[in-house]
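Down below is the structure, laid out as structure tokens.
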Amino acid sequence: MSGSVEVQRRFDHAGMGEEATRRRRRGGEEDDEEEEDEDERGMEAWERAYADERSWEDLQEDESGLLRPIDTKTLVHAQYRRRLLQKSAASAASRIQKGLIRYLYLVVDLSRAASETDYRPSRMVAVAKCAEAFIREFFDQNPLSHIGLVTIKDGVAHRLTDIGGSPESQIKALMGKLECSGDASLQNALELIHGYLSQIPSYGHREVLILYSARNTCDPGDIMETIKNCKNAKIRCSVIGLSAEIFICKHLCEETGGSYTVALDESHFKELLLEHAPPPPAIAEYAAANLIKMGFPQRGAEGVIAICSCHKDVKIGGGYTCPRCKARVCELPAECRICGLTLVSSPHLARSYHHLFPVTPFNEVSSVVPFKLSQKLAQTCYGCQQSLLSHGSKPAPHVSCPKCNQRFCLDCDIYIHESLHNCPGCESHRSSTT
Amino acid sequence: MNAASAPSKLYSDDVSLIVVLLDANPFFWASSAAAAGDSASSHHPTTTLPFSKLLNHVIPLLNSLLLLNQLNQVVLVATGVNSCGYIYDSGDGGGGSACGSVPAICSEILRRLEEFVVKDRLQGKSPDKVVATGVSSLLSGSLSLALCYIQRVFRSRARHPQPRILCLQGSPDGPEQYVAVMNAIFSAQRSMIPIDSCVMGVQHSAFLQQASYITGGVYLKPQQLDGLFQYLSAVFATDLQSRNFLQLPKPAGVDFRASCFCHKKTIDMGYVCSVCLSIFCKHHKKCSTCGSDFSQGPTDANADRKRKTSEVQP
């Protein structure tokens, strides 16, 4: 008797799950905010994955009964195109620039809610791992920017590391202190960061990224005042929630111009977090345009003996010499400890140029429209020479560059726009202006 | 910057995929041939090489790369002055022709190279221009093609050869390609693809020095171009795994200084616009690239902070 009740309940849950899947799939087509379903009573996260997603239904058989491999290429490409068009639409609005010199505070929530185990092994560990990848990616894409770390624990916000430009020291500090307890207080974190960010130079863009696991906030005062202060100080606050959508986070992000997203699972969380690595569109008036004095040091020859100013130790060979005070530093980018000059090398600046000169999005080529008579039938992708025909003579979906009219396969399209930032067709033809 | 070990991808240890970018700039090679022509009077007789003699060194290199390991793959891309194109792909069955036999490969390469050069010349604005020495070739284009091809190889199967790029360059650097070349270099660094360079021109190439330094490749400017094949086979033919055991030319003095946007001279201290990151040698009222107005005076990052903290202390 109880067995059949059990089975019945499971079917009910499965029914709810299917609707939730449909809702989530629809929700996935829209923009940022998505809600997670309420915890279904009695089911662990792994059980929910079977009930909701039903990945076995995606499998198909071909005519001889063998399984057909799942073709995710077009799905991935469609997701990527949506992302790309969103980004280019946002940047097409006038007076929106990219904030290239960013001072970002990463707030990690170490309250009681972070010890939940719905992210394996616990939310705190999953967040720390993704934060490490984020910090590396952040410095890769924004070499002139700085990150600082803040934790929320026991209702108090504590600054873990000072704002700095070296990824290794930040990551070491983060991994060292991973224990959670107590409540989360959003206001204390914002007040603390507001104090620190008021000291940074005026040409920098101020940002806060909060990784929030808790479902509430216990604040000592009026958080609306704090939010207003942050807005006046031109700090852009973004939140990535791990549990559910909270009104106060949404309000904070809307007021300060940041983005609020809620993660559904670990891989989605990582995706949302890495979306914050490229520079966001920034309002022009938020940071004063300034000419920053920088030094471009030469690399020392092998065999030169000097005392480096960062480790206070004798080093042989390598290293860079500050052009103003001739002190030795070990790696770039750095700030000379003796005279305070920002030291960079030209590749560091060049890493950010692709944000200013992005590749235009390619146009999809419809396979139904016949090729014009004047155009030669392009059979291979211009970039990788892969055949653009699938199953004989039918052209597979591909894209073409609006400037040079060369055709590219979908994989090259993704690689060109996300990693290479050069169109091979445009680069391989000498333009008429040169 | 050590690109020799890459544990995240499944590699066979000593199998390589080498993409060779051959400089086919007719202006450079014509001036090189002219210089070689009167080498009897010049005091550097072996620092110039005509294109025909170059192929005598490059084609044996391609063959020896294919001989080193049965699974090695070689792709040849030509860098022209108006266009770039794929010339030869050993993994493709030699572009449709009979694969395997050395004379067939050789004639195939020569035929397609000739077709490429003729097409390249016709694509120029004024095909019969007088020989000029300062014209650069489209290095950024061929680097981008090479990287797209290597990404395709990464996607194709789980076990794949270790890729690397070999740049045989003679033409001078074109400053208008700086951003594109740097983008290609960073993308190669992320995918852990070393870029080796062999410079056969008169002066060093700053782009290729940076490329080889950042990606962990080898940069070489041979002193005696008569023996180019010896340099190529001793330095560039070895696979990445074996490079740990060899003494290869070390980078000497890579110049990372920037050049200012206003005068194009290299500077070691300058001013950078915070909006568009353009570099200037002296303080300007307005940025010439993005038009931002610098109403305040020149600032130093630490000066503000030091001033503020000294104000706070009573």
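In the structure tokens, the first chain shown is A, the next is B, and so on; residue numbers restart at 1 for each chain, and ligands run from 1 in the order shown.
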Exercise. Counting only C-alpha atoms, what is within 10 Å of segment 395-409 of chain A, bar same-chain residues fewer than 2 positions away, as a VMD selection string?
Worked result: chain A and resid 74 359 to 368 375 378 to 393 411 to 414 416 423 to 429 431
Exercise. As a PyMOL selection string, which residues of segment 9-211 of chain B does DSSP assign to helix (DSSP H, G or I)?
Worked result: chain B and resi 26-37+51-68+90-92+102-123+139-156+175-190+206-211
For this session: Would you give me, as a PyMOL selection string, the residues of chain B that come within 8 Å of chain A, using only C-alpha atoms?
Result: chain B and resi 81-84+138+140-142+144-146+148-152+179-180+182-184+186-187+252-258+267-277+283+292-296+298-302+304-305+308
Exercise. Rounded to one decimal in Å, what is the spacing between atom CA of Glu255 of chain A and atom CA of Ala233 of chain A?
Worked result: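 Rounded to one decimal, the two atoms are 11.9 Å apart.
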Problem set entry | Counting only C-alpha atoms, the residue of B:Gln177, B:Ser191, B:Asn63, B:Gln70 that sits nearest Pro103 of chain B |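 Closest residue, counting only C-alpha atoms: B:Asn63.
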For this session: Step one, run DSSP on the backbone; step two, keep only residues of segment 41-84 of chain B assigned to strand (DSSP E or B); then write them as a ChimeraX atom specification.
Result: /B:73-79,84
